[in-house]
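J.: Quick one: structure below, then a few questions.
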Amino acid sequence: MRNLEDKNLPRHIAIIMDGNGRWAKKHALGRVAGHRRGAEAVRRIVRACRSIGIPYLTLFAFSSENWQRPAREVGALMRLLSEYIQSEIEEIRSNGIRLNVIGEWQTLREHIRQLLEDAMAKTAKNEDMIWTIALSYGGRDEIVRAVKLIAEDVAQGFLRPEDINQSVFHRYLYTSDLPDPDLLIRTSGEYRISNFLLWQSAYTEFYFTDVLWPDFTEEDLNSAIREYQRRERRFGLTAEQVKRWEKL
Ligand code: FPP
């Protein structure tokens with residue numbers, strides 16, 4: 001592994017890929033050109049995470065609010081996603097990566113939904129890395145959806161209100177089969193969570209960088225991981241308690 005210590009690697013990295021539009025503006029190009037370069041950064045970072053041995057990677061590709069962007073930009077983003085899946089699926093499959101999608105992606109156009117379903121089916125048996133794409137995703141929507149599903153199960157007698165706890169709640173989220181993110185990276189100098197993985201990031205380490213997403217490289221990823229490795233995660237305990245716990 002290049003330039004990174006094996007010790008204390010994050011198991012789950014989540015990324016808010018931001019700054020495609022500003023990258024395009026900086027280069028006097030249209031926004032879609034920025035997204036196209038953003039898709040190249042996706043390719044680099046998926047490959048890098050796989051080669052480092054990160055078992056879970058989650059990328060925020062399209063938020064529930066992104067539907068309000070100009071129709072042309074939304075269409076271009078969907079086209080880029082579908083081109084990406086078609087051109088990369090074979091590499092993804094042969095590299096042991098399982099594709100997973102979260103969000104209201106079932107409401108996407110038939111063609112892209114079919115493409116995603118096929119890609120997930122083709123890679124379903126892979127176990128080396130789970131790459132999750134958040135599409136038409138919103139953290140608050142996800143929580144409200146979980147509450148509705150729980151209410152239905154209670155109404156049907158499958159669940160008793162007194163049995164609802166954090167781990168039961170987790171089972172009703174889109175991310176029920178993923179661990180919480182250890183490290184959440186946001187590019188482009190914005191310091192917000194923007195409705196991404198709200199429940200799941202309760203104890204996540206945040207890393208913000210000014211680098212615009214299309215410029216984000218494997219070395220930038222390594223820097224984020226190194227910074228994560230330097231941090232002490234306490235989960236509400238004291239430093240002394242954590243030290244004792246680590247020795248066990
Ligand atoms: C944020 O930049 C980025 C997005 C809204 C879309 C992310 C999409 C990609 C990286 C390309 C396709 C994705 C995959 C998975 C192949 P912005 O447009 O908000 O940038 P700005 O804030 O500078 O305007």
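We label chains A, B, ... in the order they appear in the structure tokens, count residues from 1 in each chain, and number ligands from 1 in the order shown.
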Quick one: everything within 9 Å of Leu212 (chain A), counting only C-alpha atoms, minus sequence neighbours fewer than 2 positions away in the same chain. Send it as a list in words.
T.: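 What passes the distance filter is Met17, Asp18, Gly19, Asn20, Arg22, Trp23, Thr187, Ser188, Gly189, Thr209, Asp210, Pro214, Asp215 and Phe216 of chain A.
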J.: Output C-alpha atoms for every residue in the selection just made, as an mmCIF file, in the first residue's frame.
T.:
```
data_model
loop_
_atom_site.group_PDB
_atom_site.id
_atom_site.type_symbol
_atom_site.label_atom_id
_atom_site.label_comp_id
_atom_site.auth_asym_id
_atom_site.auth_seq_id
_atom_site.Cartn_x
_atom_site.Cartn_y
_atom_site.Cartn_z
ATOM 1 C CA MET A 17 -18.267 15.382 -4.011
ATOM 2 C CA ASP A 18 -18.603 19.131 -4.315
ATOM 3 C CA GLY A 19 -17.185 21.810 -6.601
ATOM 4 C CA ASN A 20 -17.785 20.509 -10.131
ATOM 5 C CA ARG A 22 -16.795 25.957 -9.675
ATOM 6 C CA TRP A 23 -14.133 23.839 -11.349
ATOM 7 C CA THR A 187 -14.446 18.817 -1.083
ATOM 8 C CA SER A 188 -14.529 22.428 -2.316
ATOM 9 C CA GLY A 189 -14.199 24.313 0.953
ATOM 10 C CA THR A 209 -10.650 20.260 1.917
ATOM 11 C CA ASP A 210 -10.569 23.233 -0.464
ATOM 12 C CA PRO A 214 -12.664 17.170 -10.262
ATOM 13 C CA ASP A 215 -9.124 17.870 -8.964
ATOM 14 C CA PHE A 216 -9.349 15.400 -6.054
#
```
J.: Using only C-alpha atoms and all ligand atoms, which residues have at least one atom no more than 9 Å from ligand 1? Output them as a PyMOL selection string.
T.: chain A and resi 16-25+31-32+34-43+59-63+66+73+77-85+133-135+188+190+212-214
J.: Mind pulling up the distance from CA of Ser64 (chain A) to CA of Thr132 (chain A)?
T.: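 Computing the Euclidean distance for CA of Thr132 (chain A) and CA of Ser64 (chain A) yields 16.1 Å.
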J.: Report as a PyMOL selection string all protein, DNA and RNA residues lying within 7 Å of region 120-131 of chain A, evaluated on only C-alpha atoms, omitting residues in the same chain fewer than 5 positions from it.
T.: chain A and resi 50+54-58+93+96-100
J.: Can you spit out the residues from that selection as a PDB file, in the first residue's frame, using N, CA, C and O atoms?
T.:
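To be explicit, this is the file written out as selection38.pdb:
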```
ATOM      1  N   ARG A  50     -10.288   0.837  -3.517  1.00  0.00           N
ATOM      2  CA  ARG A  50     -10.187  -0.623  -3.679  1.00  0.00           C
ATOM      3  C   ARG A  50      -8.743  -1.063  -3.458  1.00  0.00           C
ATOM      4  O   ARG A  50      -8.481  -2.071  -2.816  1.00  0.00           O
ATOM      5  N   ILE A  54     -10.159  -0.380   1.337  1.00  0.00           N
ATOM      6  CA  ILE A  54     -11.283   0.196   2.097  1.00  0.00           C
ATOM      7  C   ILE A  54     -12.532  -0.655   1.795  1.00  0.00           C
ATOM      8  O   ILE A  54     -12.923  -0.761   0.636  1.00  0.00           O
ATOM      9  N   PRO A  55     -13.149  -1.257   2.799  1.00  0.00           N
ATOM     10  CA  PRO A  55     -14.276  -2.150   2.473  1.00  0.00           C
ATOM     11  C   PRO A  55     -15.596  -1.456   2.105  1.00  0.00           C
ATOM     12  O   PRO A  55     -16.437  -2.068   1.471  1.00  0.00           O
ATOM     13  N   TYR A  56     -15.775  -0.188   2.515  1.00  0.00           N
ATOM     14  CA  TYR A  56     -17.037   0.504   2.198  1.00  0.00           C
ATOM     15  C   TYR A  56     -16.748   1.926   1.739  1.00  0.00           C
ATOM     16  O   TYR A  56     -16.075   2.690   2.449  1.00  0.00           O
ATOM     17  N   LEU A  57     -17.280   2.255   0.571  1.00  0.00           N
ATOM     18  CA  LEU A  57     -17.161   3.623   0.052  1.00  0.00           C
ATOM     19  C   LEU A  57     -18.559   4.091  -0.337  1.00  0.00           C
ATOM     20  O   LEU A  57     -19.283   3.372  -1.031  1.00  0.00           O
ATOM     21  N   THR A  58     -18.942   5.265   0.135  1.00  0.00           N
ATOM     22  CA  THR A  58     -20.275   5.795  -0.218  1.00  0.00           C
ATOM     23  C   THR A  58     -20.121   7.196  -0.803  1.00  0.00           C
ATOM     24  O   THR A  58     -19.527   8.077  -0.176  1.00  0.00           O
ATOM     25  N   ARG A  93     -16.924  -5.217 -11.576  1.00  0.00           N
ATOM     26  CA  ARG A  93     -17.238  -6.627 -11.293  1.00  0.00           C
ATOM     27  C   ARG A  93     -15.972  -7.452 -11.087  1.00  0.00           C
ATOM     28  O   ARG A  93     -15.841  -8.191 -10.119  1.00  0.00           O
ATOM     29  N   GLY A  96     -13.941  -7.235  -7.661  1.00  0.00           N
ATOM     30  CA  GLY A  96     -14.530  -7.644  -6.369  1.00  0.00           C
ATOM     31  C   GLY A  96     -15.391  -6.581  -5.715  1.00  0.00           C
ATOM     32  O   GLY A  96     -15.660  -6.636  -4.515  1.00  0.00           O
ATOM     33  N   ILE A  97     -15.823  -5.587  -6.505  1.00  0.00           N
ATOM     34  CA  ILE A  97     -16.627  -4.493  -5.932  1.00  0.00           C
ATOM     35  C   ILE A  97     -18.122  -4.780  -6.115  1.00  0.00           C
ATOM     36  O   ILE A  97     -18.550  -5.157  -7.213  1.00  0.00           O
ATOM     37  N   ARG A  98     -18.881  -4.617  -5.044  1.00  0.00           N
ATOM     38  CA  ARG A  98     -20.341  -4.758  -5.145  1.00  0.00           C
ATOM     39  C   ARG A  98     -20.966  -3.375  -5.213  1.00  0.00           C
ATOM     40  O   ARG A  98     -20.690  -2.534  -4.358  1.00  0.00           O
ATOM     41  N   LEU A  99     -21.763  -3.160  -6.241  1.00  0.00           N
ATOM     42  CA  LEU A  99     -22.427  -1.860  -6.375  1.00  0.00           C
ATOM     43  C   LEU A  99     -23.745  -1.861  -5.593  1.00  0.00           C
ATOM     44  O   LEU A  99     -24.496  -2.830  -5.651  1.00  0.00           O
ATOM     45  N   ASN A 100     -23.960  -0.768  -4.891  1.00  0.00           N
ATOM     46  CA  ASN A 100     -25.156  -0.641  -4.070  1.00  0.00           C
ATOM     47  C   ASN A 100     -25.693   0.780  -4.300  1.00  0.00           C
ATOM     48  O   ASN A 100     -24.910   1.703  -4.495  1.00  0.00           O
TER      49      ASN A 100
END
```
J.: In Å to one decimal, how far is CA of Ala33 (chain A) from CA of Glu110 (chain A)?
T.: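 Rounded to one decimal, the two atoms are 25.0 Å apart.
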J.: If we count only C-alpha atoms and set the cut-off at 7 Å, which residues sit around region 178-181 of chain A, ignoring sequence neighbours fewer than 3 positions away in its own chain? Please answer as JSON, numbers by chain.
T.: {"A": [12, 13, 14, 175, 184, 200, 201, 204]}
J.: Those selected residues, please, written with N, CA and C atoms and delivered as a compact mmCIF listing (two decimals), in the first residue's frame.
T.:
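And here's again35.txt as it stands now:
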```
# COMPACT_ATOMS: atom_id res chain seq x y z
N HIS A 12 -15.17 2.61 6.55
CA HIS A 12 -16.19 3.19 5.68
C HIS A 12 -15.88 4.67 5.43
N ILE A 13 -15.64 4.99 4.16
CA ILE A 13 -15.41 6.39 3.78
C ILE A 13 -16.63 6.88 3.00
N ALA A 14 -17.15 8.04 3.39
CA ALA A 14 -18.26 8.65 2.65
C ALA A 14 -17.76 9.99 2.11
N THR A 175 -29.25 2.21 4.70
CA THR A 175 -27.89 1.71 4.96
C THR A 175 -27.88 0.56 5.96
N LEU A 184 -15.88 11.12 6.82
CA LEU A 184 -16.69 11.78 5.79
C LEU A 184 -15.88 12.95 5.23
N GLN A 200 -26.43 8.35 10.36
CA GLN A 200 -25.23 7.51 10.35
C GLN A 200 -23.96 8.24 10.75
N SER A 201 -23.95 9.58 10.64
CA SER A 201 -22.68 10.27 10.87
C SER A 201 -22.56 10.84 12.29
N THR A 204 -19.03 10.18 13.18
CA THR A 204 -18.09 10.17 12.05
C THR A 204 -17.07 11.29 12.18
```
J.: Residues of region 21-238 of chain A in strand (DSSP E) according to DSSP, as a ChimeraX atom specification?
T.: /A:56-63,97-102,129-137,183-186,205-208
J.: From the options A:Asp220, A:Ile15, A:Gln106, A:Gly138, which residue's atoms come nearest to Arg186 (chain A), counting only C-alpha atoms?
T.: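 Looking at the shortest contact to Arg186 (chain A), the residue is A:Ile15.
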J.: So how far away is CA of Ile164 (chain A) from CA of Val242 (chain A), in Å?
T.: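 Going from CA of Val242 (chain A) over to CA of Ile164 (chain A) covers 28.3 Å.
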J.: Could you name the residues that touch Val144 (chain A) at 12 Å or less, counting only C-alpha atoms, but leaving out those on the same chain fewer than 2 positions away, as a PyMOL selection string?
T.: chain A and resi 138-142+146-151+169+172-174+198-199
J.: So that I can check the surroundings of Arg233 (chain A), please list as a PyMOL selection string every protein, DNA and RNA residue that reaches within 10 Å of it, counting only C-alpha atoms and ignoring chain neighbours fewer than 3 positions away.
T.: chain A and resi 182+203-205+228-230+236-239+242
J.: For the residues in the current selection, export all heavy atoms as a compact mmCIF listing (two decimals), in the first residue's frame.
T.:
```txt
# COMPACT_ATOMS: atom_id res chain seq x y z
N ASP A 182 -16.82 6.01 8.98
CA ASP A 182 -15.78 6.42 9.93
C ASP A 182 -15.27 7.81 9.56
O ASP A 182 -14.95 8.61 10.42
CB ASP A 182 -14.60 5.43 9.88
CG ASP A 182 -15.06 4.05 10.24
OD1 ASP A 182 -15.49 3.87 11.38
OD2 ASP A 182 -15.02 3.16 9.37
N TYR A 203 -21.09 9.83 14.90
CA TYR A 203 -19.72 9.79 15.45
C TYR A 203 -18.64 9.76 14.37
O TYR A 203 -17.52 9.38 14.62
CB TYR A 203 -19.57 8.58 16.39
CG TYR A 203 -20.28 8.83 17.70
CD1 TYR A 203 -21.53 8.28 17.94
CD2 TYR A 203 -19.73 9.67 18.65
CE1 TYR A 203 -22.20 8.55 19.12
CE2 TYR A 203 -20.40 9.95 19.82
CZ TYR A 203 -21.63 9.37 20.06
OH TYR A 203 -22.29 9.65 21.22
N THR A 204 -19.03 10.18 13.18
CA THR A 204 -18.09 10.17 12.05
C THR A 204 -17.07 11.29 12.18
O THR A 204 -17.38 12.37 12.67
CB THR A 204 -18.91 10.35 10.75
OG1 THR A 204 -19.79 9.24 10.63
CG2 THR A 204 -18.04 10.45 9.52
N GLU A 205 -15.85 11.03 11.73
CA GLU A 205 -14.84 12.09 11.65
C GLU A 205 -15.03 12.85 10.34
O GLU A 205 -15.15 12.23 9.28
CB GLU A 205 -13.42 11.48 11.68
CG GLU A 205 -13.07 10.83 12.99
CD GLU A 205 -12.99 11.81 14.15
OE1 GLU A 205 -12.58 12.97 13.93
OE2 GLU A 205 -13.34 11.41 15.28
N TYR A 228 -7.23 11.26 9.42
CA TYR A 228 -8.14 10.40 10.20
C TYR A 228 -7.33 9.52 11.16
O TYR A 228 -7.69 9.36 12.32
CB TYR A 228 -8.96 9.53 9.24
CG TYR A 228 -9.71 8.43 9.93
CD1 TYR A 228 -10.98 8.66 10.47
CD2 TYR A 228 -9.17 7.15 10.06
CE1 TYR A 228 -11.67 7.66 11.13
CE2 TYR A 228 -9.85 6.13 10.71
CZ TYR A 228 -11.09 6.40 11.25
OH TYR A 228 -11.77 5.40 11.90
N GLN A 229 -6.22 8.98 10.64
CA GLN A 229 -5.42 8.07 11.48
C GLN A 229 -4.79 8.78 12.67
O GLN A 229 -4.48 8.15 13.67
CB GLN A 229 -4.32 7.41 10.62
CG GLN A 229 -4.89 6.39 9.65
CD GLN A 229 -3.84 5.83 8.71
OE1 GLN A 229 -3.02 6.58 8.16
NE2 GLN A 229 -3.85 4.53 8.49
N ARG A 230 -4.61 10.11 12.54
CA ARG A 230 -4.03 10.88 13.65
C ARG A 230 -5.07 11.21 14.72
O ARG A 230 -4.74 11.58 15.83
CB ARG A 230 -3.45 12.20 13.13
CG ARG A 230 -2.06 12.06 12.52
CD ARG A 230 -1.42 13.42 12.34
NE ARG A 230 -2.11 14.23 11.34
CZ ARG A 230 -1.82 14.21 10.03
NH1 ARG A 230 -0.85 13.45 9.58
NH2 ARG A 230 -2.48 14.96 9.19
N GLY A 236 -17.74 9.60 22.98
CA GLY A 236 -18.32 10.09 24.24
C GLY A 236 -17.57 9.66 25.48
O GLY A 236 -17.93 10.06 26.59
N LEU A 237 -16.50 8.84 25.33
CA LEU A 237 -15.74 8.39 26.51
C LEU A 237 -14.62 9.38 26.81
O LEU A 237 -14.36 10.31 26.04
CB LEU A 237 -15.14 7.00 26.24
CG LEU A 237 -16.12 5.89 25.85
CD1 LEU A 237 -15.38 4.59 25.58
CD2 LEU A 237 -17.17 5.67 26.94
N THR A 238 -13.90 9.18 27.92
CA THR A 238 -12.73 10.00 28.19
C THR A 238 -11.54 9.38 27.46
O THR A 238 -11.58 8.20 27.08
CB THR A 238 -12.40 10.03 29.70
OG1 THR A 238 -11.99 8.71 30.08
CG2 THR A 238 -13.59 10.48 30.53
N ALA A 239 -10.46 10.18 27.30
CA ALA A 239 -9.27 9.67 26.61
C ALA A 239 -8.72 8.46 27.34
O ALA A 239 -8.26 7.49 26.72
CB ALA A 239 -8.23 10.78 26.54
N VAL A 242 -10.69 5.35 26.59
CA VAL A 242 -10.41 4.85 25.24
C VAL A 242 -9.12 4.06 25.24
O VAL A 242 -9.02 2.98 24.67
CB VAL A 242 -10.34 6.02 24.22
CG1 VAL A 242 -9.86 5.54 22.87
CG2 VAL A 242 -11.69 6.69 24.10
```
J.: Between A:Gly75, A:His27, A:Glu65, A:Gly53, which is the closest to Phe196 (chain A) once you count only C-alpha atoms?
T.: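 Closest residue, counting only C-alpha atoms: A:Glu65.
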J.: So that I can check the surroundings of Glu227 (chain A), please list as a ChimeraX atom specification every protein, DNA and RNA residue that reaches within 10 Å of it, counting only C-alpha atoms and ignoring chain neighbours fewer than 2 positions away.
T.: /A:183,205-207,221-225,229-231
J.: Please save C-alpha atoms of the selected residues as a PDB file, in the first residue's frame.
T.:
```
ATOM      1  CA  LEU A 183     -14.603   9.283   7.753  1.00  0.00           C
ATOM      2  CA  GLU A 205     -14.836  12.094  11.653  1.00  0.00           C
ATOM      3  CA  PHE A 206     -15.225  14.992   9.201  1.00  0.00           C
ATOM      4  CA  TYR A 207     -12.527  16.106   6.804  1.00  0.00           C
ATOM      5  CA  LEU A 221      -7.507  10.840  -0.407  1.00  0.00           C
ATOM      6  CA  ASN A 222      -4.356   9.610   1.332  1.00  0.00           C
ATOM      7  CA  SER A 223      -4.044  12.968   3.129  1.00  0.00           C
ATOM      8  CA  ALA A 224      -7.615  12.644   4.415  1.00  0.00           C
ATOM      9  CA  ILE A 225      -6.933   9.095   5.597  1.00  0.00           C
ATOM     10  CA  GLN A 229      -5.417   8.069  11.478  1.00  0.00           C
ATOM     11  CA  ARG A 230      -4.033  10.875  13.650  1.00  0.00           C
ATOM     12  CA  ARG A 231      -7.373  11.566  15.327  1.00  0.00           C
TER      13      ARG A 231
END
```
J.: Output as a ChimeraX atom specification all residues of region 47-236 of chain A that backbone DSSP marks as helix (DSSP H, G or I).
T.: /A:47-52,64-68,71-94,105-107,110-122,139-155,161-163,166-171,213-215,218-230
J.: Just checking: using only C-alpha atoms, which residue out of A:Arg109, A:Leu4, A:Arg69, A:Lys243 ends up closest to Ala48 (chain A)?
T.: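 Looking only at the distances to Ala48 (chain A), the closest residue turns out to be A:Leu4.
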J.: Considering only C-alpha atoms, state which residue in the set A:Gly30, A:Gln68, A:Leu159, A:Glu218 is at the smallest distance from Ser136 (chain A).
T.: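 Among the listed residues, the smallest separation from Ser136 (chain A) belongs to A:Gln68.
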J.: Go through A:Pro161, A:Leu29, A:Ile185, A:Phe208 one by one, measure the shortest atom-to-atom distance of each to Pro10 (chain A) using only C-alpha atoms, and give the residue with the smallest value.
T.: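 Among the listed residues, the smallest separation from Pro10 (chain A) belongs to A:Ile185.
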